[in-house]
>>> print(open('structure-v7.txt').read())   # compact mmCIF, C-alpha atoms and all ligand atoms
# COMPACT_ATOMS: atom_id res chain seq x y z
CA LEU T 96 3.06 -11.11 -6.67
CA GLN T 97 5.76 -11.73 -4.06
CA LYS T 98 8.13 -9.66 -6.19
CA ASP T 99 5.58 -6.81 -6.44
CA LEU T 100 5.20 -6.83 -2.68
CA GLU T 101 8.96 -6.68 -2.29
CA THR T 102 9.36 -3.64 -4.53
CA LEU T 103 6.37 -1.90 -2.93
CA LYS T 104 7.70 -2.44 0.58
CA ASP T 105 10.30 0.33 0.55
CA LYS T 106 8.33 2.80 -1.55
CA PRO T 107 6.59 5.66 0.26
CA CYS T 108 2.81 5.92 0.40
CA GLU T 109 2.60 8.95 -1.83
CA THR T 110 -0.12 9.99 -4.27
CA THR T 111 0.72 10.86 -7.89
CA ASP T 112 0.61 14.57 -6.95
CA GLY T 113 3.05 14.15 -4.07
CA HIS T 114 0.74 13.96 -1.03
CA ARG T 115 2.38 11.76 1.58
CA LEU T 116 0.62 9.82 4.29
CA SER T 117 1.68 7.10 6.68
CA LEU T 118 0.51 3.51 6.60
CA TRP T 119 0.79 1.87 9.99
CA VAL T 120 -0.35 -1.51 11.26
CA ASN T 121 -2.54 -2.96 13.98
CA THR T 122 -0.86 -5.64 16.08
CA GLY T 123 -1.54 -7.86 19.06
CA LEU T 124 0.81 -10.80 18.77
CA MET T 125 4.50 -11.04 17.90
CA ALA T 126 3.52 -12.86 14.70
CA ASP T 127 1.80 -9.66 13.52
CA VAL T 128 5.05 -7.77 14.05
CA MET T 129 7.11 -9.91 11.68
CA ARG T 130 4.45 -9.77 8.97
CA SER T 131 4.17 -6.01 9.40
CA LEU T 132 7.87 -5.37 9.03
CA GLU T 133 7.99 -7.56 5.91
CA ARG T 134 5.28 -5.43 4.37
CA GLY T 135 6.91 -2.10 5.07
CA ALA T 136 4.75 -0.77 7.92
CA GLU T 137 5.97 2.64 9.04
CA GLY T 138 4.74 2.25 12.60
CA VAL T 139 2.11 0.64 14.80
CA GLY T 140 -1.13 2.58 15.04
CA LEU T 141 -2.81 0.16 17.41
CA TYR T 142 -1.20 -2.46 19.59
CA ARG T 143 -4.11 -4.21 21.32
CA THR T 144 -2.67 -4.88 24.76
CA GLU T 145 -5.65 -7.00 25.73
CA VAL T 146 -4.41 -9.75 23.39
CA PRO T 147 -1.60 -10.96 25.71
CA PHE T 148 -4.04 -10.54 28.64
CA LEU T 149 -6.53 -12.83 26.88
CA LEU T 150 -3.91 -15.55 26.46
CA ARG T 151 -3.33 -15.89 30.21
CA ASP T 152 -5.34 -17.15 33.16
CA ARG T 153 -4.63 -14.13 35.41
CA PHE T 154 -3.53 -10.52 35.06
CA PRO T 155 0.10 -10.44 33.93
CA GLY T 156 2.27 -8.66 36.50
CA GLU T 157 4.37 -5.57 35.90
CA ALA T 158 7.60 -7.41 35.05
CA GLU T 159 5.77 -9.76 32.71
CA GLN T 160 4.03 -6.87 30.95
CA THR T 161 7.27 -4.93 30.66
CA LYS T 162 8.84 -7.87 28.86
CA ILE T 163 5.91 -8.24 26.43
CA TYR T 164 5.83 -4.53 25.61
CA ARG T 165 9.61 -4.31 25.27
CA GLU T 166 9.48 -6.99 22.56
CA GLN T 167 6.94 -4.98 20.55
CA LEU T 168 8.75 -1.67 20.99
CA ALA T 169 12.17 -3.14 20.20
CA ALA T 170 10.96 -4.90 17.05
CA PHE T 171 9.74 -1.61 15.57
CA ALA T 172 12.23 0.91 16.99
CA PRO T 173 12.85 3.63 15.93
CA LYS T 174 9.35 3.50 14.42
CA SER T 175 6.49 4.51 16.71
CA VAL T 176 4.39 1.92 18.50
CA THR T 177 0.98 3.07 19.74
CA MET T 178 0.02 1.01 22.77
CA ARG T 179 -3.61 1.11 23.71
CA THR T 180 -4.36 0.79 27.40
CA LEU T 181 -6.43 -2.25 28.34
CA ASP T 182 -9.69 -2.35 26.39
CA VAL T 183 -11.81 -5.04 28.01
CA GLY T 184 -15.58 -5.19 28.34
CA GLY T 185 -17.94 -5.02 25.38
CA ASP T 186 -17.06 -8.04 23.26
CA LYS T 187 -13.68 -8.61 24.94
CA ALA T 188 -13.96 -10.61 28.13
CA LEU T 189 -11.07 -11.79 30.27
CA PRO T 190 -11.99 -15.20 31.77
CA TYR T 191 -10.45 -14.15 35.11
CA PHE T 192 -12.23 -10.76 35.19
CA PRO T 193 -15.89 -11.49 34.37
CA ILE T 194 -18.25 -8.60 33.63
CA ASN T 195 -21.94 -9.47 33.45
CA GLU T 196 -24.19 -6.77 32.05
CA ALA T 197 -27.37 -6.50 30.00
CA ASN T 198 -25.74 -4.06 27.54
CA PRO T 199 -21.99 -4.70 27.50
CA PHE T 200 -21.29 -2.30 24.61
CA LEU T 201 -22.97 0.50 26.56
CA GLY T 202 -21.48 -0.55 29.82
CA TRP T 203 -18.26 -0.97 31.66
CA ARG T 204 -15.58 -1.14 29.00
CA GLY T 205 -12.26 0.38 27.98
CA LEU T 206 -11.10 3.38 29.98
CA ARG T 207 -14.22 3.18 32.16
CA VAL T 208 -12.89 -0.06 33.67
CA THR T 209 -9.31 1.09 34.14
CA LEU T 210 -10.29 4.44 35.70
CA ASP T 211 -12.34 2.46 38.24
CA HIS T 212 -9.29 0.23 38.76
CA PRO T 213 -6.37 2.65 38.75
CA GLU T 214 -4.10 -0.11 40.11
CA ILE T 215 -4.53 -2.04 36.84
CA PHE T 216 -3.97 1.11 34.77
CA LEU T 217 -0.90 2.23 36.74
CA VAL T 218 0.81 -1.15 36.51
CA GLN T 219 0.18 -1.23 32.77
CA VAL T 220 1.42 2.31 32.11
CA ARG T 221 4.47 1.80 34.34
CA ALA T 222 5.29 -1.36 32.35
CA MET T 223 4.90 0.50 29.04
CA LEU T 224 7.13 3.36 30.22
CA LYS T 225 9.84 1.06 31.57
CA ALA T 226 9.72 -0.98 28.36
CA SER T 227 10.33 2.18 26.32
CA GLU T 228 13.54 3.12 28.15
CA GLY T 229 16.29 3.81 25.63
CA LEU T 230 13.92 3.22 22.68
CA ASP T 231 11.70 6.28 23.10
CA ASN T 232 9.19 5.12 20.47
CA LEU T 233 6.17 4.62 22.72
CA ARG T 234 2.82 6.34 22.23
CA ILE T 235 -0.06 5.68 24.62
CA MET T 236 -3.67 5.58 23.42
CA LEU T 237 -6.88 5.59 25.47
CA PRO T 238 -9.92 3.53 24.37
CA MET T 239 -13.63 4.30 24.83
CA VAL T 240 -13.23 7.87 26.08
CA THR T 241 -16.56 9.70 26.50
CA ASN T 242 -15.77 12.98 28.24
CA ILE T 243 -12.96 15.43 29.03
CA PRO T 244 -12.74 14.60 32.77
CA GLU T 245 -11.93 10.97 31.86
CA LEU T 246 -9.05 12.17 29.70
CA GLU T 247 -7.83 14.44 32.49
CA ALA T 248 -8.02 11.58 35.01
CA ALA T 249 -6.07 9.28 32.67
CA ASN T 250 -3.46 11.99 32.01
CA ALA T 251 -3.00 12.47 35.76
CA LEU T 252 -2.44 8.73 36.25
CA ILE T 253 0.04 8.60 33.36
CA LEU T 254 1.96 11.51 34.88
CA ARG T 255 1.98 9.73 38.25
CA ALA T 256 3.31 6.53 36.67
CA PHE T 257 5.96 8.54 34.83
CA ASN T 258 7.12 10.28 38.02
CA GLU T 259 7.29 6.94 39.81
CA VAL T 260 9.47 5.22 37.22
CA MET T 261 11.74 8.27 36.94
CA GLU T 262 12.18 8.28 40.72
CA GLU T 263 13.11 4.62 40.50
CA GLY T 264 15.97 5.64 38.23
CA HIS T 265 14.62 4.81 34.77
CA ARG T 266 15.38 7.26 32.00
CA VAL T 267 12.16 7.51 30.07
CA VAL T 268 10.92 10.08 27.57
CA PHE T 269 7.35 11.23 28.31
CA PRO T 270 5.27 9.63 25.52
CA PRO T 271 2.64 11.27 23.32
CA VAL T 272 -0.83 10.44 24.68
CA GLY T 273 -3.75 10.11 22.28
CA VAL T 274 -7.48 9.60 22.42
CA MET T 275 -9.53 7.10 20.45
CA VAL T 276 -12.60 8.55 18.81
CA GLU T 277 -15.10 5.71 19.19
CA VAL T 278 -18.01 7.30 21.05
CA PRO T 279 -20.10 9.61 18.82
CA ALA T 280 -20.00 12.39 21.44
CA LEU T 281 -16.35 12.94 20.52
CA VAL T 282 -17.26 13.79 16.94
CA TYR T 283 -18.79 16.99 18.29
CA GLN T 284 -15.98 17.69 20.74
CA ALA T 285 -13.09 16.62 18.52
CA ARG T 286 -11.42 20.01 18.76
CA GLU T 287 -11.67 20.16 22.56
CA PHE T 288 -10.15 16.68 22.82
CA ALA T 289 -7.46 17.55 20.27
CA ALA T 290 -6.52 20.56 22.39
CA ARG T 291 -5.82 18.21 25.30
CA ALA T 292 -4.19 15.29 23.48
CA ASP T 293 -1.15 14.67 21.30
CA PHE T 294 -3.13 12.79 18.65
CA LEU T 295 -6.59 11.46 17.87
CA SER T 296 -7.25 8.04 16.41
CA VAL T 297 -10.63 6.97 15.09
CA GLY T 298 -11.79 3.49 16.08
CA SER T 299 -14.14 3.14 13.15
CA ASN T 300 -15.33 -0.31 14.23
CA ASP T 301 -16.92 1.06 17.37
CA LEU T 302 -17.73 4.48 15.94
CA THR T 303 -19.76 2.83 13.15
CA GLN T 304 -21.50 0.56 15.66
CA TYR T 305 -22.48 3.46 17.91
CA LEU T 306 -23.42 5.95 15.19
CA LEU T 307 -25.68 3.45 13.45
CA ALA T 308 -26.85 1.64 16.61
CA VAL T 309 -25.82 -1.69 15.09
CA ASP T 310 -24.03 -4.36 17.12
CA ARG T 311 -20.75 -4.96 15.27
CA ASN T 312 -20.94 -8.72 16.00
CA ASN T 313 -24.60 -9.46 15.36
CA ALA T 314 -25.01 -11.36 12.07
CA ARG T 315 -28.72 -10.56 11.95
CA VAL T 316 -28.06 -6.84 11.51
CA ALA T 317 -24.75 -7.15 9.65
CA ASP T 318 -26.31 -5.58 6.54
CA LEU T 319 -26.93 -2.42 8.53
CA TYR T 320 -23.33 -2.20 9.70
CA GLN T 321 -21.97 0.20 7.08
CA SER T 322 -18.78 2.21 7.52
CA LEU T 323 -19.57 3.92 4.22
CA HIS T 324 -22.93 5.18 5.52
CA PRO T 325 -23.10 8.90 4.63
CA ALA T 326 -23.47 9.79 8.32
CA VAL T 327 -20.24 7.95 9.16
CA LEU T 328 -18.36 9.76 6.39
CA ARG T 329 -19.64 13.14 7.62
CA ALA T 330 -18.62 12.29 11.17
CA LEU T 331 -15.10 11.41 9.98
CA ILE T 332 -14.82 14.77 8.21
CA LEU T 333 -15.77 16.60 11.41
CA ILE T 334 -13.15 14.67 13.37
CA VAL T 335 -10.37 15.56 10.92
CA GLU T 336 -11.44 19.23 10.99
CA GLY T 337 -11.41 19.28 14.79
CA ALA T 338 -7.96 17.68 15.02
CA HIS T 339 -6.38 19.85 12.35
CA ALA T 340 -7.84 23.03 13.87
CA GLU T 341 -5.50 22.26 16.79
CA GLN T 342 -2.62 21.09 14.54
CA VAL T 343 -3.00 17.61 15.95
CA ASP T 344 -2.45 14.53 13.79
CA VAL T 345 -5.40 12.25 13.28
CA SER T 346 -5.29 8.58 12.38
CA ILE T 347 -7.83 5.86 11.88
CA CYS T 348 -7.26 2.33 13.15
CA GLY T 349 -10.53 0.48 12.50
CA GLU T 350 -11.06 -2.09 9.74
CA MET T 351 -12.22 0.67 7.40
CA ALA T 352 -8.64 1.92 6.91
CA GLY T 353 -7.72 -1.42 5.32
CA ASP T 354 -10.40 -1.18 2.64
CA PRO T 355 -8.79 0.28 -0.51
CA GLY T 356 -11.88 2.22 -1.60
CA ALA T 357 -12.47 3.67 1.85
CA ALA T 358 -8.75 4.46 2.15
CA VAL T 359 -8.99 6.73 -0.89
CA LEU T 360 -11.78 8.70 0.82
CA LEU T 361 -9.88 8.83 4.12
CA MET T 362 -6.81 10.18 2.34
CA ALA T 363 -8.99 12.83 0.67
CA MET T 364 -10.45 13.81 4.05
CA GLY T 365 -6.92 14.51 5.29
CA PHE T 366 -6.19 11.63 7.66
CA ASP T 367 -2.47 11.68 8.49
CA VAL T 368 -2.14 7.99 9.30
CA LEU T 369 -4.10 4.94 8.21
CA SER T 370 -3.54 1.93 10.47
CA MET T 371 -4.64 -1.51 9.30
CA SER T 372 -3.83 -5.21 9.37
CA ALA T 373 -0.53 -6.08 7.71
CA THR T 374 -2.43 -8.14 5.15
CA SER T 375 -4.29 -5.08 3.84
CA LEU T 376 -1.29 -2.76 3.68
CA PRO T 377 0.23 -3.57 0.24
CA LYS T 378 -3.10 -3.29 -1.57
CA VAL T 379 -3.97 0.02 0.11
CA LYS T 380 -0.53 1.39 -0.67
CA SER T 381 -0.71 0.45 -4.34
CA VAL T 382 -4.14 2.07 -4.71
CA LEU T 383 -3.08 5.29 -2.97
CA ARG T 384 0.07 5.45 -5.11
CA ALA T 385 -2.04 5.23 -8.26
CA ILE T 386 -4.35 8.19 -7.60
CA SER T 387 -3.83 11.91 -6.99
CA LYS T 388 -5.12 13.77 -3.94
CA VAL T 389 -7.03 16.06 -6.30
CA GLN T 390 -8.77 13.08 -7.92
CA ALA T 391 -9.54 11.58 -4.52
CA GLU T 392 -11.02 14.88 -3.32
CA ALA T 393 -13.25 15.03 -6.40
CA LEU T 394 -14.38 11.47 -5.69
CA LEU T 395 -15.11 12.36 -2.06
CA ASP T 396 -17.20 15.37 -3.17
CA GLU T 397 -19.08 13.10 -5.53
CA VAL T 398 -19.86 10.38 -2.98
CA LEU T 399 -20.93 12.94 -0.38
CA LYS T 400 -23.85 13.76 -2.66
CA LEU T 401 -25.06 10.15 -2.49
CA ASN T 402 -27.60 9.07 0.12
CA THR T 403 -26.79 5.43 0.77
CA ALA T 404 -23.78 3.28 1.59
CA GLU T 405 -24.70 1.01 -1.34
CA ASP T 406 -24.47 3.88 -3.83
CA ILE T 407 -21.21 5.08 -2.30
CA GLU T 408 -19.69 1.62 -2.46
CA ALA T 409 -20.78 1.22 -6.08
CA ALA T 410 -19.21 4.58 -6.99
CA LEU T 411 -15.96 3.60 -5.29
CA ASN T 412 -15.81 0.19 -6.97
CA ASP T 413 -16.48 1.83 -10.31
CA ARG T 414 -13.60 4.23 -9.75
CA LEU T 415 -11.18 1.56 -8.53
CA GLN T 416 -12.02 -0.62 -11.52
CA THR T 417 -11.17 2.12 -14.01
CA MET T 418 -7.85 2.50 -12.15
CA GLY T 419 -7.17 -1.20 -12.77
C1 LIG P 501 -12.21 0.18 16.72
O1 LIG P 501 -13.16 0.19 17.51
O2 LIG P 501 -12.28 0.57 15.54
C2 LIG P 501 -10.89 -0.30 17.15
C3 LIG P 501 -9.83 -0.16 16.40
O3 LIG P 501 -10.83 -0.96 18.34
P1 LIG P 501 -11.36 -2.46 18.56
O4 LIG P 501 -11.70 -3.03 17.22
O5 LIG P 501 -10.26 -3.17 19.25
O6 LIG P 501 -12.56 -2.22 19.43
MG MG P 502 -12.84 -0.11 19.64
>>> encode(input="structure-v7.txt", output="structure tokens")
Amino acid sequence: LQKDLETLKDKPCETTDGHRLSLWVNTGLMADVMRSLERGAEGVGLYRTEVPFLLRDRFPGEAEQTKIYREQLAAFAPKSVTMRTLDVGGDKALPYFPINEANPFLGWRGLRVTLDHPEIFLVQVRAMLKASEGLDNLRIMLPMVTNIPELEAANALILRAFNEVMEEGHRVVFPPVGVMVEVPALVYQAREFAARADFLSVGSNDLTQYLLAVDRNNARVADLYQSLHPAVLRALILIVEGAHAEQVDVSICGEMAGDPGAAVLLMAMGFDVLSMSATSLPKVKSVLRAISKVQAEALLDEVLKLNTAEDIEAALNDRLQTMG
């Protein structure tokens, strides 16, 4: 198995009929980075910046953040590293920044927090930009966006941070800025967001939770949490259409991308990048290398006629089994 992984590492993720897509990884700790490089990740689709924040007992300062981000960027350079701005609230609580709400997942989380605290956002973005100096492989991604004015406000702050660090004498390339599609409203405004962003990235963990109104962490309703629910699949198709109508790349960085059966459907839908845990990457790559885009599209057409996640999953398993 180790040998198989080794030979797979340097092979492209390409279907049998020559359709190429990129397999990236989700990271948070330096340990993830080493594992990712060993497994042939072509970039980082989601670096969860809240992870180093969670490991401390106060907000890390600008110099401290710059050092942490530099390590991530340097380890992957020249490959792209997509750094998500602080995504706290919901299920992610910082002990030194308590948020008490009746409905945390519908409350103050992600970009909503950092737009209300521009000082936190500016320090973080300045640290990311300074860390990217000379490497130029940074991409910035915004979590939990709900409307266009939020994106415009975030873009204005990023521009301000950029101007500040340039005035201080740093030589930084302005990074691509992307939007996470996690709130269902964005499914219906994907094109408008794509027109104002450099990339879209689907957070399927939250998108599934919000589309199906099922708490992603509640064991009692875990059976209802289904990323293969027909409504989720249709939403994903609309997102890809919206992004591609504006010639903007679209990725997916939720757990779904690391599921081999789901990955076949995502490839058929036209996702440009699948970002997953390093552990899932070899398996997904070997499955995608064993099927053609045409076959995957036929499978997608077939499952879109089914009415339940159970039937869709059964059809996928059936197909994967015949592939070996
Ligand atoms: C997601 O929601 O799918 C996602 C990737 O973000 P997180 O799991 O960190 O909320
Ligand atoms: Mg999320």
>>> atom_distance(input="structure-v7.txt", atom1="atom P1 of ligand LIG 501 (chain P)", atom2="CA of Pro199 in chain T")
14.1 Å
>>> closest_residue(input="structure-v7.txt", among="T:Ser131, T:Thr144, T:Thr180, T:Gln160", to="Val274 in chain T", atoms="only C-alpha atoms")
T:Thr180
>>> residues_near_ligand(input="structure-v7.txt", ligand="ligand MG 502 (chain P)", cutoff="8 Å", atoms="all atoms listed in the file", output="list in words")
Asp182, Pro238, Met239, Met275, Glu277, Gly298, Ser299, Asn300, Asp301, Leu302 and Gly349 of chain T
>>> write_last_selection(input="structure-v7.txt", atoms="C-alpha atoms", output="PDB file, keeping the file's coordinate frame")
ATOM      1  CA  ASP T 182      -9.690  -2.350  26.390  1.00  0.00           C
ATOM      2  CA  PRO T 238      -9.920   3.530  24.370  1.00  0.00           C
ATOM      3  CA  MET T 239     -13.630   4.300  24.830  1.00  0.00           C
ATOM      4  CA  MET T 275      -9.530   7.100  20.450  1.00  0.00           C
ATOM      5  CA  GLU T 277     -15.100   5.710  19.190  1.00  0.00           C
ATOM      6  CA  GLY T 298     -11.790   3.490  16.080  1.00  0.00           C
ATOM      7  CA  SER T 299     -14.140   3.140  13.150  1.00  0.00           C
ATOM      8  CA  ASN T 300     -15.330  -0.310  14.230  1.00  0.00           C
ATOM      9  CA  ASP T 301     -16.920   1.060  17.370  1.00  0.00           C
ATOM     10  CA  LEU T 302     -17.730   4.480  15.940  1.00  0.00           C
ATOM     11  CA  GLY T 349     -10.530   0.480  12.500  1.00  0.00           C
TER      12      GLY T 349
END
>>> closest_residue(input="structure-v7.txt", among="T:Ala340, T:Ser387, T:Arg165, T:Ala290", to="Gly113 in chain T", atoms="only C-alpha atoms")
T:Ser387
>>> residues_around(input="structure-v7.txt", residues="Lys380 in chain T", least_positions_apart="3", cutoff="6 Å", atoms="all atoms listed in the file", output="count of residues only")
3
>>> residues_around(input="structure-v7.txt", residues="Leu201 in chain T", least_positions_apart="2", cutoff="10 Å", atoms="all atoms listed in the file", output="mmCIF file with C-alpha atoms, keeping the file's coordinate frame")
data_model
loop_
_atom_site.group_PDB
_atom_site.id
_atom_site.type_symbol
_atom_site.label_atom_id
_atom_site.label_comp_id
_atom_site.auth_asym_id
_atom_site.auth_seq_id
_atom_site.Cartn_x
_atom_site.Cartn_y
_atom_site.Cartn_z
ATOM 1 C CA GLY T 184 -15.580 -5.190 28.340
ATOM 2 C CA GLY T 185 -17.940 -5.020 25.380
ATOM 3 C CA GLU T 196 -24.190 -6.770 32.050
ATOM 4 C CA ALA T 197 -27.370 -6.500 30.000
ATOM 5 C CA ASN T 198 -25.740 -4.060 27.540
ATOM 6 C CA PRO T 199 -21.990 -4.700 27.500
ATOM 7 C CA TRP T 203 -18.260 -0.970 31.660
ATOM 8 C CA ARG T 204 -15.580 -1.140 29.000
ATOM 9 C CA TYR T 305 -22.480 3.460 17.910
#
>>> axis_aligned_box(input="structure-v7.txt", around="ligand LIG 501 (chain P)", padding_each_side="8 Å", output="JSON")
{"center_x": -11.5, "center_y": -1.3, "center_z": 17.5, "size_x": 19.3, "size_y": 19.7, "size_z": 19.9}
>>> residues_near_point(input="structure-v7.txt", point="(-21.5, 10.3, -2.9)", cutoff="10 Å", atoms="all atoms listed in the file", output="PyMOL selection string")
chain T and resi 323-325+328+394-411
>>> atom_distance(input="structure-v7.txt", atom1="CA of Leu224 in chain T", atom2="CA of Glu145 in chain T")
17.1 Å
>>> atom_distance(input="structure-v7.txt", atom1="CA of Glu341 in chain T", atom2="CA of Arg286 in chain T")
6.6 Å
>>> residues_around(input="structure-v7.txt", residues="Lys162 in chain T", least_positions_apart="2", cutoff="12 Å", atoms="only C-alpha atoms", output="short mmCIF file (atom, residue, chain, number, x, y, z; two decimals) with C-alpha atoms, in the frame of the given file")
data_model
loop_
_atom_site.label_atom_id
_atom_site.label_comp_id
_atom_site.auth_asym_id
_atom_site.auth_seq_id
_atom_site.Cartn_x
_atom_site.Cartn_y
_atom_site.Cartn_z
CA PRO T 147 -1.60 -10.96 25.71
CA PRO T 155 0.10 -10.44 33.93
CA GLY T 156 2.27 -8.66 36.50
CA GLU T 157 4.37 -5.57 35.90
CA ALA T 158 7.60 -7.41 35.05
CA GLU T 159 5.77 -9.76 32.71
CA GLN T 160 4.03 -6.87 30.95
CA TYR T 164 5.83 -4.53 25.61
CA ARG T 165 9.61 -4.31 25.27
CA GLU T 166 9.48 -6.99 22.56
CA GLN T 167 6.94 -4.98 20.55
CA LEU T 168 8.75 -1.67 20.99
CA ALA T 169 12.17 -3.14 20.20
CA GLN T 219 0.18 -1.23 32.77
CA ARG T 221 4.47 1.80 34.34
CA ALA T 222 5.29 -1.36 32.35
CA MET T 223 4.90 0.50 29.04
CA LEU T 224 7.13 3.36 30.22
CA LYS T 225 9.84 1.06 31.57
CA ALA T 226 9.72 -0.98 28.36
CA SER T 227 10.33 2.18 26.32
CA GLU T 228 13.54 3.12 28.15
#
>>> residues_around(input="structure-v7.txt", residues="Lys106 in chain T", least_positions_apart="3", cutoff="12 Å", atoms="all atoms listed in the file", output="ChimeraX atom specification")
/T:99-103,109-110,115-118,134-137,377,380-381,383-384
>>> residues_around(input="structure-v7.txt", residues="Arg255 in chain T", least_positions_apart="3", cutoff="12 Å", atoms="only C-alpha atoms", output="PyMOL selection string")
chain T and resi 213-214+216-218+220-221+224+248-252+258-262+269
>>> write_last_selection(input="structure-v7.txt", atoms="C-alpha atoms", output="short mmCIF file (atom, residue, chain, number, x, y, z; two decimals), keeping the file's coordinate frame")
data_model
loop_
_atom_site.label_atom_id
_atom_site.label_comp_id
_atom_site.auth_asym_id
_atom_site.auth_seq_id
_atom_site.Cartn_x
_atom_site.Cartn_y
_atom_site.Cartn_z
CA PRO T 213 -6.37 2.65 38.75
CA GLU T 214 -4.10 -0.11 40.11
CA PHE T 216 -3.97 1.11 34.77
CA LEU T 217 -0.90 2.23 36.74
CA VAL T 218 0.81 -1.15 36.51
CA VAL T 220 1.42 2.31 32.11
CA ARG T 221 4.47 1.80 34.34
CA LEU T 224 7.13 3.36 30.22
CA ALA T 248 -8.02 11.58 35.01
CA ALA T 249 -6.07 9.28 32.67
CA ASN T 250 -3.46 11.99 32.01
CA ALA T 251 -3.00 12.47 35.76
CA LEU T 252 -2.44 8.73 36.25
CA ASN T 258 7.12 10.28 38.02
CA GLU T 259 7.29 6.94 39.81
CA VAL T 260 9.47 5.22 37.22
CA MET T 261 11.74 8.27 36.94
CA GLU T 262 12.18 8.28 40.72
CA PHE T 269 7.35 11.23 28.31
#
>>> closest_residue(input="structure-v7.txt", among="T:Asp186, T:Asp293, T:Glu263, T:Asp211", to="ligand LIG 501 (chain P)", atoms="all atoms listed in the file")
T:Asp186
>>> decode(input="structure-v7.txt", residues="range 137-187 of chain T", atoms="C-alpha atoms", output="compact mmCIF listing (two decimals), in the first residue's frame")
# COMPACT_ATOMS: atom_id res chain seq x y z
CA GLU T 137 -1.29 20.37 -5.27
CA GLY T 138 -2.24 23.21 -2.95
CA VAL T 139 -4.17 24.14 0.18
CA GLY T 140 -7.86 24.79 -0.39
CA LEU T 141 -8.61 25.63 3.22
CA TYR T 142 -6.20 26.63 5.94
CA ARG T 143 -8.36 27.03 9.05
CA THR T 144 -6.69 29.99 10.76
CA GLU T 145 -8.81 29.54 13.86
CA VAL T 146 -6.81 26.41 14.74
CA PRO T 147 -3.71 28.31 15.98
CA PHE T 148 -6.08 30.80 17.68
CA LEU T 149 -7.75 27.91 19.54
CA LEU T 150 -4.41 26.67 20.86
CA ARG T 151 -3.66 29.94 22.69
CA ASP T 152 -5.09 31.75 25.67
CA ARG T 153 -5.34 35.17 23.96
CA PHE T 154 -5.46 36.58 20.44
CA PRO T 155 -2.07 36.07 18.78
CA GLY T 156 -0.53 39.41 17.81
CA GLU T 157 0.45 40.49 14.32
CA ALA T 158 4.08 39.34 14.53
CA GLU T 159 3.05 35.99 15.97
CA GLN T 160 0.43 35.47 13.27
CA THR T 161 2.87 36.47 10.54
CA LYS T 162 5.26 33.78 11.73
CA ILE T 163 2.55 31.09 11.81
CA TYR T 164 1.27 31.97 8.34
CA ARG T 165 4.76 32.23 6.88
CA GLU T 166 5.44 28.64 7.93
CA GLN T 167 2.35 27.40 6.09
CA LEU T 168 3.00 29.47 2.97
CA ALA T 169 6.70 28.56 2.83
CA ALA T 170 6.04 24.83 3.24
CA PHE T 171 3.80 24.80 0.17
CA ALA T 172 5.38 27.48 -2.05
CA PRO T 173 5.07 27.81 -4.99
CA LYS T 174 1.77 25.96 -4.54
CA SER T 175 -1.22 28.09 -3.50
CA VAL T 176 -2.34 28.28 0.11
CA THR T 177 -5.90 29.46 0.71
CA MET T 178 -6.08 31.12 4.11
CA ARG T 179 -9.53 31.56 5.52
CA THR T 180 -10.05 34.60 7.70
CA LEU T 181 -11.01 33.85 11.29
CA ASP T 182 -14.11 31.65 11.45
CA VAL T 183 -15.22 31.66 15.07
CA GLY T 184 -18.73 31.40 16.46
CA GLY T 185 -21.09 28.55 15.67
CA ASP T 186 -19.34 25.45 16.99
CA LYS T 187 -15.92 27.12 17.23
